file start.cif (mmCIF, C-alpha atoms and all ligand atoms)
data_my_file
#
loop_
_atom_site.label_atom_id
_atom_site.label_comp_id
_atom_site.auth_asym_id
_atom_site.auth_seq_id
_atom_site.Cartn_x
_atom_site.Cartn_y
_atom_site.Cartn_z
CA MET K 8 247.97 31.93 177.20
CA GLY K 9 247.72 33.58 180.65
CA LEU K 10 246.65 31.64 183.74
CA TYR K 11 243.22 33.24 183.83
CA ASN K 12 242.61 32.47 180.14
CA LEU K 13 243.32 28.84 180.88
CA LEU K 14 241.05 28.85 183.90
CA ARG K 15 238.34 30.60 181.91
CA LYS K 16 238.46 27.90 179.27
CA GLY K 17 237.65 25.33 181.93
CA LEU K 18 235.04 27.46 183.62
CA PHE K 19 233.26 28.29 180.36
CA SER K 20 232.87 24.60 179.62
CA VAL K 21 230.27 24.29 182.41
CA PRO K 22 226.97 26.18 182.81
CA PRO K 23 227.45 29.81 183.94
CA GLU K 24 225.98 29.50 187.41
CA ILE K 25 228.12 26.47 188.25
CA ALA K 26 231.18 28.26 186.82
CA HIS K 27 230.38 31.26 188.99
CA ASP K 28 230.41 29.19 192.21
CA LEU K 29 233.46 27.21 191.11
CA ALA K 30 235.42 30.37 190.33
CA LEU K 31 234.59 32.00 193.65
CA ASP K 32 235.33 28.82 195.62
CA SER K 33 238.71 28.48 193.86
CA LEU K 34 239.52 32.09 194.62
CA LYS K 35 238.60 31.48 198.26
CA LEU K 36 240.82 28.40 198.38
CA GLY K 37 243.73 30.21 196.71
CA ASN K 38 243.35 33.09 199.15
CA SER K 39 243.17 30.84 202.22
CA MET K 40 246.36 29.11 201.06
CA GLY K 41 248.12 32.47 201.03
CA MET K 42 248.34 32.58 197.23
CA ARG K 43 247.36 36.22 197.33
CA ASN K 44 248.81 37.28 194.01
CA TRP K 45 248.45 33.99 192.16
CA LEU K 46 246.23 35.38 189.43
CA CYS K 47 247.43 38.92 188.90
CA GLN K 48 249.68 41.64 190.20
CA LYS K 49 248.50 43.79 193.06
CA PRO K 50 246.68 46.90 191.76
CA GLU K 51 248.46 50.24 191.97
CA ASN K 52 247.98 52.32 195.06
CA ASP K 53 246.01 55.37 193.90
CA PRO K 54 244.17 56.76 196.91
CA CYS K 55 241.17 59.06 196.59
CA THR K 56 238.33 60.34 198.78
CA VAL K 57 234.77 59.93 197.51
CA MET K 58 231.59 60.36 199.63
CA GLY K 59 233.94 61.18 202.50
CA ILE K 60 235.43 57.66 202.32
CA GLU K 61 239.09 57.00 201.57
CA PHE K 62 239.55 54.44 198.80
CA PRO K 63 242.96 52.85 198.03
CA ASN K 64 242.04 52.89 194.34
CA ARG K 65 238.92 53.63 192.30
CA ILE K 66 238.05 50.10 191.21
CA GLY K 67 235.36 47.97 192.80
CA ILE K 68 233.45 44.77 192.14
CA ALA K 69 229.78 45.45 191.43
CA ALA K 70 226.89 43.95 193.37
CA GLY K 71 225.67 40.47 192.51
CA LEU K 72 228.98 38.62 192.35
CA ASP K 73 229.03 38.07 196.11
CA LYS K 74 225.37 38.33 197.03
CA ASN K 75 225.75 36.95 200.55
CA GLY K 76 229.13 38.19 201.71
CA ASP K 77 230.53 34.66 201.51
CA TYR K 78 233.65 35.69 199.54
CA ILE K 79 234.68 39.02 201.09
CA ASN K 80 238.22 37.99 202.07
CA ALA K 81 238.87 36.22 198.77
CA LEU K 82 237.66 39.10 196.59
CA GLY K 83 239.18 41.75 198.84
CA GLY K 84 242.50 39.91 198.57
CA LEU K 85 242.65 40.93 194.89
CA GLY K 86 243.54 44.44 196.02
CA LEU K 87 240.23 46.07 195.18
CA GLY K 88 239.52 49.69 195.94
CA PHE K 89 236.15 48.54 197.25
CA LEU K 90 233.71 45.67 197.21
CA GLU K 91 229.92 45.87 196.98
CA ILE K 92 228.10 42.81 198.31
CA GLY K 93 224.38 41.94 197.90
CA THR K 94 221.73 42.50 196.73
CA VAL K 95 220.38 41.21 199.98
CA THR K 96 216.72 41.12 200.99
CA PRO K 97 215.11 40.86 204.47
CA LEU K 98 214.31 37.15 204.03
CA ALA K 99 216.25 34.47 202.19
CA GLN K 100 214.74 33.62 198.79
CA ALA K 101 215.51 31.14 196.03
CA GLY K 102 215.26 33.43 193.02
CA ASN K 103 213.92 32.37 189.62
CA PRO K 104 214.00 28.80 188.30
CA GLN K 105 217.21 27.69 186.52
CA PRO K 106 218.59 28.12 183.93
CA ARG K 107 218.67 31.84 184.63
CA MET K 108 222.13 32.96 183.50
CA PHE K 109 223.41 32.86 179.90
CA ARG K 110 226.71 33.67 178.18
CA LEU K 111 226.79 35.64 174.95
CA GLU K 112 230.44 34.88 174.30
CA GLU K 113 230.53 36.52 170.89
CA SER K 114 230.06 39.91 172.52
CA GLN K 115 231.55 39.29 175.99
CA ALA K 116 228.15 39.64 177.61
CA LEU K 117 225.81 37.90 180.03
CA ILE K 118 222.06 37.80 180.42
CA ASN K 119 220.81 36.99 183.91
CA ARG K 120 217.42 36.69 185.53
CA LEU K 121 218.57 35.40 188.90
CA GLY K 122 215.88 37.34 190.76
CA PHE K 123 217.70 38.26 194.00
CA ASN K 124 218.56 34.73 195.06
CA ASN K 125 220.15 35.28 198.47
CA LYS K 126 220.43 33.92 202.00
CA GLY K 127 218.79 36.93 203.67
CA VAL K 128 220.19 39.94 205.49
CA ASP K 129 220.95 38.16 208.78
CA HIS K 130 223.29 35.72 207.02
CA LEU K 131 225.05 38.56 205.19
CA VAL K 132 225.55 40.51 208.42
CA SER K 133 227.03 37.45 210.14
CA GLN K 134 229.51 37.10 207.26
CA VAL K 135 230.44 40.78 207.38
CA LYS K 136 231.07 40.58 211.12
CA LYS K 137 233.55 37.73 210.53
CA ARG K 138 235.46 39.34 207.69
CA ARG K 139 239.23 39.74 207.87
CA TRP K 140 239.56 42.03 204.84
CA GLN K 141 239.18 45.57 206.11
CA GLY K 142 238.77 47.41 202.81
CA VAL K 143 235.84 49.61 201.80
CA LEU K 144 232.63 47.58 201.85
CA GLY K 145 229.37 48.64 200.24
CA ILE K 146 226.20 46.69 201.02
CA ASN K 147 223.47 46.63 198.40
CA ILE K 148 219.88 46.14 199.63
CA GLY K 149 216.58 45.30 197.96
CA LYS K 150 213.11 43.98 198.62
CA ASN K 151 211.76 40.44 198.69
CA LYS K 152 209.86 39.22 195.66
CA ASP K 153 206.68 38.69 197.69
CA THR K 154 206.66 42.18 199.16
CA PRO K 155 204.29 44.39 197.17
CA ASN K 156 205.62 47.78 196.10
CA ALA K 157 203.18 49.43 198.52
CA SER K 158 205.29 48.08 201.40
CA ALA K 159 208.68 48.06 199.65
CA VAL K 160 209.88 50.88 201.92
CA ASP K 161 209.56 48.53 204.92
CA ASP K 162 211.93 46.00 203.32
CA TYR K 163 214.52 48.69 202.55
CA LEU K 164 214.21 50.09 206.08
CA HIS K 165 214.60 46.61 207.57
CA CYS K 166 217.81 45.99 205.61
CA LEU K 167 219.11 49.53 206.24
CA GLU K 168 218.82 49.07 209.98
CA LYS K 169 220.48 45.64 209.92
CA VAL K 170 223.47 46.58 207.77
CA TYR K 171 224.00 50.17 208.93
CA PRO K 172 226.61 49.47 211.63
CA TYR K 173 228.73 47.33 209.29
CA ALA K 174 228.67 49.14 205.93
CA ASP K 175 230.96 51.85 204.59
CA TYR K 176 228.15 52.79 202.21
CA ILE K 177 224.70 51.36 201.49
CA THR K 178 223.22 51.02 198.01
CA LEU K 179 219.48 51.08 197.40
CA ASN K 180 218.89 48.85 194.42
CA ILE K 181 215.69 49.87 192.65
CA SER K 182 216.86 48.88 189.20
CA SER K 183 217.09 45.10 188.88
CA PRO K 184 214.89 44.02 185.96
CA ASN K 185 214.35 40.60 187.54
CA THR K 186 212.03 41.45 190.41
CA GLU K 187 208.64 42.32 189.00
CA GLY K 188 207.74 45.98 189.49
CA LEU K 189 211.04 46.93 191.18
CA ARG K 190 211.93 49.48 188.55
CA ASP K 191 208.60 51.24 189.16
CA LEU K 192 210.24 52.54 192.34
CA GLN K 193 212.24 54.83 190.02
CA SER K 194 209.11 56.88 189.23
CA VAL K 195 209.41 60.21 191.03
CA ASP K 196 206.47 59.71 193.42
CA GLU K 197 207.69 56.30 194.53
CA LEU K 198 211.30 57.44 194.66
CA GLN K 199 210.42 60.44 196.80
CA LYS K 200 208.55 58.21 199.27
CA LEU K 201 211.48 55.78 199.48
CA LEU K 202 214.21 58.37 199.76
CA VAL K 203 212.44 60.50 202.39
CA SER K 204 212.04 57.40 204.59
CA MET K 205 215.60 56.24 204.03
CA ASN K 206 217.15 59.64 204.66
CA THR K 207 215.10 60.23 207.81
CA ARG K 208 216.05 56.83 209.21
CA LYS K 209 219.67 57.33 208.22
CA GLN K 210 219.86 60.53 210.28
CA GLN K 211 218.48 58.65 213.31
CA LEU K 212 220.86 55.73 212.77
CA ALA K 213 223.78 58.16 212.49
CA GLN K 214 222.96 59.43 215.99
CA GLU K 215 222.54 55.92 217.37
CA HIS K 216 225.78 54.56 215.90
CA GLY K 217 227.88 57.70 215.90
CA LYS K 218 228.68 57.44 212.19
CA LEU K 219 227.09 58.79 209.04
CA VAL K 220 226.98 56.06 206.37
CA PRO K 221 226.55 57.36 202.80
CA LEU K 222 223.50 56.24 200.83
CA VAL K 223 223.87 55.37 197.15
CA LEU K 224 221.13 54.84 194.57
CA LYS K 225 221.56 52.29 191.78
CA ILE K 226 219.61 53.10 188.63
CA ALA K 227 218.68 51.42 185.35
CA PRO K 228 220.20 52.41 182.02
CA ASP K 229 216.75 52.15 180.41
CA LEU K 230 215.35 55.41 181.84
CA THR K 231 213.91 57.87 179.35
CA THR K 232 215.65 61.25 179.09
CA ASP K 233 212.67 63.06 180.64
CA GLN K 234 212.99 60.90 183.77
CA VAL K 235 216.54 62.10 184.46
CA THR K 236 216.02 65.66 185.75
CA PRO K 237 213.13 64.92 188.14
CA MET K 238 215.01 61.90 189.50
CA ALA K 239 218.20 63.93 189.92
CA ASN K 240 216.27 66.63 191.81
CA CYS K 241 214.72 64.05 194.10
CA ILE K 242 218.14 62.45 194.73
CA ALA K 243 219.67 65.82 195.62
CA GLU K 244 216.76 66.88 197.86
CA ASN K 245 217.04 63.70 199.88
CA GLN K 246 220.78 63.88 200.47
CA ILE K 247 221.74 60.78 198.53
CA ASP K 248 225.55 60.71 198.35
CA ALA K 249 226.14 58.91 195.04
CA VAL K 250 224.46 57.27 192.07
CA ILE K 251 225.54 54.03 190.41
CA ALA K 252 224.98 54.20 186.67
CA SER K 253 224.03 51.57 185.93
CA ASN K 254 222.39 48.21 186.41
CA THR K 255 221.80 45.77 183.52
CA THR K 256 219.61 46.63 180.52
CA ILE K 257 216.43 45.07 179.18
CA SER K 258 217.33 46.35 175.71
CA ARG K 259 218.62 43.80 173.18
CA SER K 260 219.39 46.12 170.29
CA SER K 261 223.15 45.66 170.66
CA VAL K 262 222.99 41.83 170.61
CA SER K 263 220.06 41.03 168.32
CA GLY K 264 220.43 37.76 166.46
CA GLN K 265 222.98 36.30 168.88
CA LYS K 266 222.49 33.03 170.69
CA HIS K 267 220.51 33.58 173.95
CA ALA K 268 219.77 37.21 173.01
CA ASN K 269 216.07 36.61 173.49
CA GLU K 270 216.34 35.22 177.00
CA ALA K 271 214.49 37.38 179.52
CA GLY K 272 216.59 39.26 182.06
CA GLY K 273 219.25 41.92 182.28
CA LEU K 274 222.03 42.21 179.73
CA SER K 275 225.50 43.14 181.01
CA GLY K 276 229.01 43.38 179.61
CA ALA K 277 230.44 45.04 176.51
CA PRO K 278 227.09 45.62 174.71
CA LEU K 279 225.89 47.66 177.71
CA PHE K 280 228.84 50.05 177.61
CA ASP K 281 227.38 52.84 175.42
CA LEU K 282 223.96 52.83 177.07
CA ALA K 283 225.42 52.88 180.58
CA ASN K 284 227.76 55.69 179.52
CA GLN K 285 224.86 57.77 178.22
CA CYS K 286 223.12 57.25 181.54
CA LEU K 287 226.27 58.25 183.44
CA LYS K 288 226.65 61.37 181.33
CA ASN K 289 222.98 62.37 181.74
CA PHE K 290 223.16 62.05 185.51
CA ARG K 291 226.50 63.87 185.72
CA GLN K 292 224.90 66.77 183.91
CA ALA K 293 221.70 66.71 185.97
CA LEU K 294 223.15 66.18 189.45
CA PRO K 295 224.89 68.77 191.60
CA GLU K 296 228.65 68.32 191.70
CA HIS K 297 228.82 67.18 195.31
CA ILE K 298 226.89 64.00 194.45
CA SER K 299 229.35 61.35 193.31
CA LEU K 300 228.96 58.90 190.44
CA ILE K 301 229.99 55.28 190.22
CA GLY K 302 230.37 54.19 186.61
CA THR K 303 229.33 50.59 186.00
CA GLY K 304 228.42 48.71 182.86
CA GLY K 305 230.48 47.16 180.13
CA ILE K 306 234.00 47.88 181.35
CA SER K 307 236.33 45.33 179.74
CA SER K 308 239.56 47.30 179.37
CA ALA K 309 241.56 50.13 180.89
CA ALA K 310 240.37 52.38 178.05
CA ASP K 311 236.73 51.67 179.01
CA GLY K 312 237.48 52.70 182.58
CA LEU K 313 239.15 55.90 181.44
CA GLU K 314 236.11 56.72 179.33
CA LYS K 315 233.84 56.36 182.39
CA ARG K 316 236.18 58.67 184.30
CA ARG K 317 236.04 61.17 181.45
CA LEU K 318 232.24 61.12 181.59
CA GLY K 319 232.29 61.94 185.28
CA ALA K 320 232.64 58.68 187.21
CA ASP K 321 234.49 59.13 190.50
CA LEU K 322 234.71 55.36 190.98
CA VAL K 323 234.08 52.40 188.67
CA GLN K 324 232.79 48.88 189.19
CA VAL K 325 233.25 45.75 187.11
CA TYR K 326 231.33 42.50 186.92
CA THR K 327 230.94 40.89 183.48
CA GLY K 328 234.29 42.19 182.20
CA PHE K 329 235.87 40.66 185.29
CA ILE K 330 234.32 37.27 184.43
CA TYR K 331 235.65 37.43 180.85
CA ASN K 332 239.04 39.02 181.55
CA GLY K 333 239.85 37.99 185.11
CA PRO K 334 241.57 39.94 187.88
CA GLY K 335 244.13 41.32 185.39
CA LEU K 336 241.41 43.82 184.44
CA ILE K 337 241.55 45.32 187.93
CA TYR K 338 245.32 45.70 187.69
CA ASP K 339 245.10 47.26 184.20
CA LEU K 340 242.46 49.75 185.33
CA SER K 341 244.45 50.71 188.42
CA LYS K 342 247.56 51.31 186.32
CA ALA K 343 245.66 53.47 183.82
CA PHE K 344 243.94 55.47 186.56
CA ALA K 345 247.14 56.03 188.51
CA LYS K 346 248.85 57.21 185.32
CA SER K 347 246.02 59.60 184.44
CA ALA K 348 245.72 60.99 188.00
CA GLY K 349 245.67 64.75 187.88
CA THR K 350 244.55 64.81 184.24
CA PRO K 351 241.68 67.29 184.01
CA GLN K 352 238.24 65.83 183.26
CA ASP K 353 235.87 67.17 180.59
C1 LIG B 1 224.91 37.52 187.17
C2 LIG B 1 224.67 38.93 187.61
C3 LIG B 1 224.03 39.18 188.83
C4 LIG B 1 223.80 40.49 189.23
N1 LIG B 1 223.19 40.72 190.44
C5 LIG B 1 223.03 41.99 190.88
C6 LIG B 1 222.47 42.26 192.15
O1 LIG B 1 222.13 41.35 192.92
N2 LIG B 1 222.31 43.56 192.51
C7 LIG B 1 222.70 44.61 191.72
O2 LIG B 1 222.55 45.76 192.12
N3 LIG B 1 223.24 44.38 190.51
C8 LIG B 1 223.42 43.11 190.09
N4 LIG B 1 223.99 42.88 188.86
C9 LIG B 1 224.36 44.04 188.01
C10 LIG B 1 225.84 44.41 188.17
O3 LIG B 1 226.12 44.81 189.48
C11 LIG B 1 226.22 45.55 187.19
O4 LIG B 1 225.50 46.70 187.55
C12 LIG B 1 225.92 45.20 185.74
O5 LIG B 1 226.19 43.86 185.48
C13 LIG B 1 226.69 46.07 184.76
O6 LIG B 1 228.08 45.91 184.91
P1 LIG B 1 228.96 44.93 183.96
O7 LIG B 1 228.60 45.23 182.55
O8 LIG B 1 230.37 45.20 184.34
O9 LIG B 1 228.55 43.53 184.35
C14 LIG B 1 224.21 41.57 188.42
C15 LIG B 1 224.86 41.31 187.21
C16 LIG B 1 225.10 40.01 186.80
C17 LIG B 1 225.79 39.78 185.49
#
call {"tool": "encode", "arguments": {"input": "start.cif", "output": "structure tokens"}}
result
Amino acid sequence: MGLYNLLRKGLFSVPPEIAHDLALDSLKLGNSMGMRNWLCQKPENDPCTVMGIEFPNRIGIAAGLDKNGDYINALGGLGLGFLEIGTVTPLAQAGNPQPRMFRLEESQALINRLGFNNKGVDHLVSQVKKRRWQGVLGINIGKNKDTPNASAVDDYLHCLEKVYPYADYITLNISSPNTEGLRDLQSVDELQKLLVSMNTRKQQLAQEHGKLVPLVLKIAPDLTTDQVTPMANCIAENQIDAVIASNTTISRSSVSGQKHANEAGGLSGAPLFDLANQCLKNFRQALPEHISLIGTGGISSAADGLEKRRLGADLVQVYTGFIYNGPGLIYDLSKAFAKSAGTPQD
């Protein structure tokens, strides 16, 4: 049994949210003690340029694992191609009452309804300023629960301005199922309003700070097929640089009958793989080629990562598969990607 399998056994014997904090604190401790490669080999060097940014490899950790930027050095020390922190909101908020995270071990999945629990954008920025890891850092922003959708743009603008000088790219998260009404921002009228404001402010911030930070949109896998083309047009018109497909799903068809399957929230992990892939494929077809895609959802093996690449993902992110399989997953993906480099895509 590998070291991570042993660790996982221990971690899975306590409730998921406690395990989450324990795992990250242990990683932080291991990293601060210089045990850089204690859990897995360093991922292969496989450089690429996406959104004008140079990545050492194509594998990142998805948003939500380090919501506050408290673990940047520890996670970065795993040799990631990039790390996305957040979702962060203008003000700190507690999120939904516990329990709000559930393991569906049978299918290597999680359901969460955390509800953007975070320490607020000022805390995150102070953590980013202190970081030692200098890898590619994405910052994922959202709106506070108490902000009505009519003023959601103000929350996104507030966070955009705060994080702009410190981010390599900024993700607009309009697809968490755990903030009431958030996904309504995906409707074309709302999306247009949001993206026009964000793009206009981004151009001004680029002048002020002397750097153009790419904007990325994170979408839900539960969109209907007729939403795809109008959204893609709106994304292209407003100079969004990449799309993350996808966030968690509210569908339960792939886990029906399993323990916890009826808990409210977003489902992630292996049962999300096909749905997220369909979403990735739809957006690859609908978006112009210069807009990049980050494939997220259900990656638990190197083969899963290769499938995302085949469907058009320029980069991939892991979350739930990383919890179940450990940092070895990042190494396996990097090896597979490095080996397949140069292989033509479909
Ligand atoms: C516990 C948990 C918390 C999450 N929090 C966020 C978040 O704050 N912001 C966000 O954009 N996505 C969040 N996500 C979604 C992930 O970033 C990712 O898009 C999704 O889990 C699919 O990938 P996976 O199947 O590899 O987990 C969260 C996922 C989980 C499991």
call {"tool": "residues_around", "arguments": {"input": "start.cif", "residues": "segment 235-250 of chain K", "least_positions_apart": "3", "cutoff": "6 Å", "atoms": "all atoms listed in the file", "output": "MDAnalysis selection string"}}
result
chainID K and resid 221:225 232 293:294 298:300
call {"tool": "closest_residue", "arguments": {"input": "start.cif", "among": "K:Asn125, K:Asn119, K:Ser114, K:Gln48", "to": "Leu98 of chain K", "atoms": "all atoms listed in the file"}}
result
K:Asn125
call {"tool": "residues_around", "arguments": {"input": "start.cif", "residues": "Leu189 of chain K", "least_positions_apart": "5", "cutoff": "12 Å", "atoms": "all atoms listed in the file", "output": "list of chain:residue names"}}
result
K:Gly122, K:Phe123, K:Gly149, K:Lys150, K:Asn151, K:Lys152, K:Asp153, K:Thr154, K:Pro155, K:Asn156, K:Ala157, K:Ser158, K:Ala159, K:Val160, K:Leu179, K:Asn180, K:Ile181, K:Ser182, K:Ser183, K:Pro184, K:Ser194, K:Glu197, K:Leu198, K:Lys225, K:Ile226, K:Ala227
call {"tool": "atom_distance", "arguments": {"input": "start.cif", "atom1": "atom CA of Phe280 of chain K", "atom2": "atom O7 of ligand LIG 1 (chain B)"}}
result
6.9 Å
call {"tool": "residues_near_ligand", "arguments": {"input": "start.cif", "ligand": "ligand LIG 1 (chain B)", "cutoff": "7 Å", "atoms": "only C-alpha atoms and all ligand atoms", "output": "PyMOL selection string"}}
result
chain K and resi 69-72+74+93-94+108+117-119+121+123+147+180+183+225+253-255+275-277+279-280+303-306+324-328
call {"tool": "write_last_selection", "arguments": {"input": "start.cif", "atoms": "C-alpha atoms", "output": "PDB file, keeping the file's coordinate frame"}}
result
ATOM      1  CA  ALA K  69     229.780  45.450 191.430  1.00  0.00           C
ATOM      2  CA  ALA K  70     226.890  43.950 193.370  1.00  0.00           C
ATOM      3  CA  GLY K  71     225.670  40.470 192.510  1.00  0.00           C
ATOM      4  CA  LEU K  72     228.980  38.620 192.350  1.00  0.00           C
ATOM      5  CA  LYS K  74     225.370  38.330 197.030  1.00  0.00           C
ATOM      6  CA  GLY K  93     224.380  41.940 197.900  1.00  0.00           C
ATOM      7  CA  THR K  94     221.730  42.500 196.730  1.00  0.00           C
ATOM      8  CA  MET K 108     222.130  32.960 183.500  1.00  0.00           C
ATOM      9  CA  LEU K 117     225.810  37.900 180.030  1.00  0.00           C
ATOM     10  CA  ILE K 118     222.060  37.800 180.420  1.00  0.00           C
ATOM     11  CA  ASN K 119     220.810  36.990 183.910  1.00  0.00           C
ATOM     12  CA  LEU K 121     218.570  35.400 188.900  1.00  0.00           C
ATOM     13  CA  PHE K 123     217.700  38.260 194.000  1.00  0.00           C
ATOM     14  CA  ASN K 147     223.470  46.630 198.400  1.00  0.00           C
ATOM     15  CA  ASN K 180     218.890  48.850 194.420  1.00  0.00           C
ATOM     16  CA  SER K 183     217.090  45.100 188.880  1.00  0.00           C
ATOM     17  CA  LYS K 225     221.560  52.290 191.780  1.00  0.00           C
ATOM     18  CA  SER K 253     224.030  51.570 185.930  1.00  0.00           C
ATOM     19  CA  ASN K 254     222.390  48.210 186.410  1.00  0.00           C
ATOM     20  CA  THR K 255     221.800  45.770 183.520  1.00  0.00           C
ATOM     21  CA  SER K 275     225.500  43.140 181.010  1.00  0.00           C
ATOM     22  CA  GLY K 276     229.010  43.380 179.610  1.00  0.00           C
ATOM     23  CA  ALA K 277     230.440  45.040 176.510  1.00  0.00           C
ATOM     24  CA  LEU K 279     225.890  47.660 177.710  1.00  0.00           C
ATOM     25  CA  PHE K 280     228.840  50.050 177.610  1.00  0.00           C
ATOM     26  CA  THR K 303     229.330  50.590 186.000  1.00  0.00           C
ATOM     27  CA  GLY K 304     228.420  48.710 182.860  1.00  0.00           C
ATOM     28  CA  GLY K 305     230.480  47.160 180.130  1.00  0.00           C
ATOM     29  CA  ILE K 306     234.000  47.880 181.350  1.00  0.00           C
ATOM     30  CA  GLN K 324     232.790  48.880 189.190  1.00  0.00           C
ATOM     31  CA  VAL K 325     233.250  45.750 187.110  1.00  0.00           C
ATOM     32  CA  TYR K 326     231.330  42.500 186.920  1.00  0.00           C
ATOM     33  CA  THR K 327     230.940  40.890 183.480  1.00  0.00           C
ATOM     34  CA  GLY K 328     234.290  42.190 182.200  1.00  0.00           C
TER      35      GLY K 328
END
call {"tool": "closest_residue", "arguments": {"input": "start.cif", "among": "K:Val143, K:Ala271, K:Met58, K:Leu282", "to": "Asn103 of chain K", "atoms": "all atoms listed in the file"}}
result
K:Ala271
call {"tool": "closest_residue", "arguments": {"input": "start.cif", "among": "K:Gln234, K:Asn80, K:Gln214, K:Ser308", "to": "Asp196 of chain K", "atoms": "all atoms listed in the file"}}
result
K:Gln234
call {"tool": "residues_around", "arguments": {"input": "start.cif", "residues": "Arg65 of chain K", "least_positions_apart": "2", "cutoff": "10 Å", "atoms": "only C-alpha atoms", "output": "count of residues only"}}
result
26
call {"tool": "closest_residue", "arguments": {"input": "start.cif", "among": "K:Met205, K:Ile66, K:Val135, K:Leu13", "to": "Lys315 of chain K", "atoms": "only C-alpha atoms"}}
result
K:Ile66
call {"tool": "closest_residue", "arguments": {"input": "start.cif", "among": "K:Ile146, K:Ile25, K:Ile60, K:Val128", "to": "Pro106 of chain K", "atoms": "only C-alpha atoms"}}
result
K:Ile25
call {"tool": "residues_around", "arguments": {"input": "start.cif", "residues": "Gly84 of chain K", "least_positions_apart": "4", "cutoff": "12 Å", "atoms": "all atoms listed in the file", "output": "MDAnalysis selection string"}}
result
chainID K and resid 34:50 78:80 88:90 138:142 334 337
call {"tool": "atom_distance", "arguments": {"input": "start.cif", "atom1": "atom CA of Leu111 of chain K", "atom2": "atom CA of Asp229 of chain K"}}
result
20.1 Å
call {"tool": "atom_distance", "arguments": {"input": "start.cif", "atom1": "atom CA of Pro22 of chain K", "atom2": "atom CA of Phe109 of chain K"}}
result
8.1 Å
call {"tool": "closest_residue", "arguments": {"input": "start.cif", "among": "K:Ile177, K:Cys286, K:Ala309, K:Ala101", "to": "Phe329 of chain K", "atoms": "all atoms listed in the file"}}
result
K:Ala309
call {"tool": "axis_aligned_box", "arguments": {"input": "start.cif", "around": "segment 222-234 of chain K", "padding_each_side": "5 Å", "output": "AutoDock Vina command-line options"}}
result
--center_x 218.3 --center_y 57.2 --center_z 190.0 --size_x 21.2 --size_y 21.6 --size_z 31.7
call {"tool": "decode", "arguments": {"input": "start.cif", "residues": "segment 147-151 of chain K", "atoms": "all heavy atoms", "output": "JSON list (two decimals), in the first residue's frame"}}
result
[["chain", "number", "residue", "atom", "x", "y", "z"],
["K", 147, "ASN", "N", -9.76, 32.88, -8.27],
["K", 147, "ASN", "CA", -11.16, 32.66, -8.65],
["K", 147, "ASN", "C", -12.05, 33.54, -7.76],
["K", 147, "ASN", "O", -11.96, 33.50, -6.54],
["K", 147, "ASN", "CB", -11.44, 31.16, -8.45],
["K", 147, "ASN", "CG", -12.86, 30.73, -8.76],
["K", 147, "ASN", "OD1", -13.81, 31.33, -8.27],
["K", 147, "ASN", "ND2", -13.00, 29.66, -9.52],
["K", 148, "ILE", "N", -12.90, 34.35, -8.40],
["K", 148, "ILE", "CA", -13.70, 35.33, -7.64],
["K", 148, "ILE", "C", -15.20, 35.08, -7.80],
["K", 148, "ILE", "O", -15.66, 34.55, -8.82],
["K", 148, "ILE", "CB", -13.33, 36.78, -8.03],
["K", 148, "ILE", "CG1", -13.62, 37.06, -9.51],
["K", 148, "ILE", "CG2", -11.85, 37.07, -7.73],
["K", 148, "ILE", "CD1", -13.34, 38.52, -9.93],
["K", 149, "GLY", "N", -15.95, 35.50, -6.77],
["K", 149, "GLY", "CA", -17.40, 35.30, -6.79],
["K", 149, "GLY", "C", -18.09, 36.44, -6.07],
["K", 149, "GLY", "O", -17.48, 37.47, -5.76],
["K", 150, "LYS", "N", -19.35, 36.22, -5.76],
["K", 150, "LYS", "CA", -20.12, 37.26, -5.06],
["K", 150, "LYS", "C", -20.56, 36.76, -3.69],
["K", 150, "LYS", "O", -20.72, 35.55, -3.49],
["K", 150, "LYS", "CB", -21.33, 37.71, -5.89],
["K", 150, "LYS", "CG", -22.48, 36.72, -5.91],
["K", 150, "LYS", "CD", -23.75, 37.39, -6.41],
["K", 150, "LYS", "CE", -24.96, 36.51, -6.13],
["K", 150, "LYS", "NZ", -25.45, 36.57, -4.74],
["K", 151, "ASN", "N", -20.76, 37.68, -2.77],
["K", 151, "ASN", "CA", -21.27, 37.30, -1.45],
["K", 151, "ASN", "C", -22.71, 36.83, -1.55],
["K", 151, "ASN", "O", -23.48, 37.27, -2.41],
["K", 151, "ASN", "CB", -21.20, 38.48, -0.48],
["K", 151, "ASN", "CG", -19.82, 38.65, 0.13],
["K", 151, "ASN", "OD1", -19.12, 39.63, -0.12],
["K", 151, "ASN", "ND2", -19.40, 37.68, 0.92]]
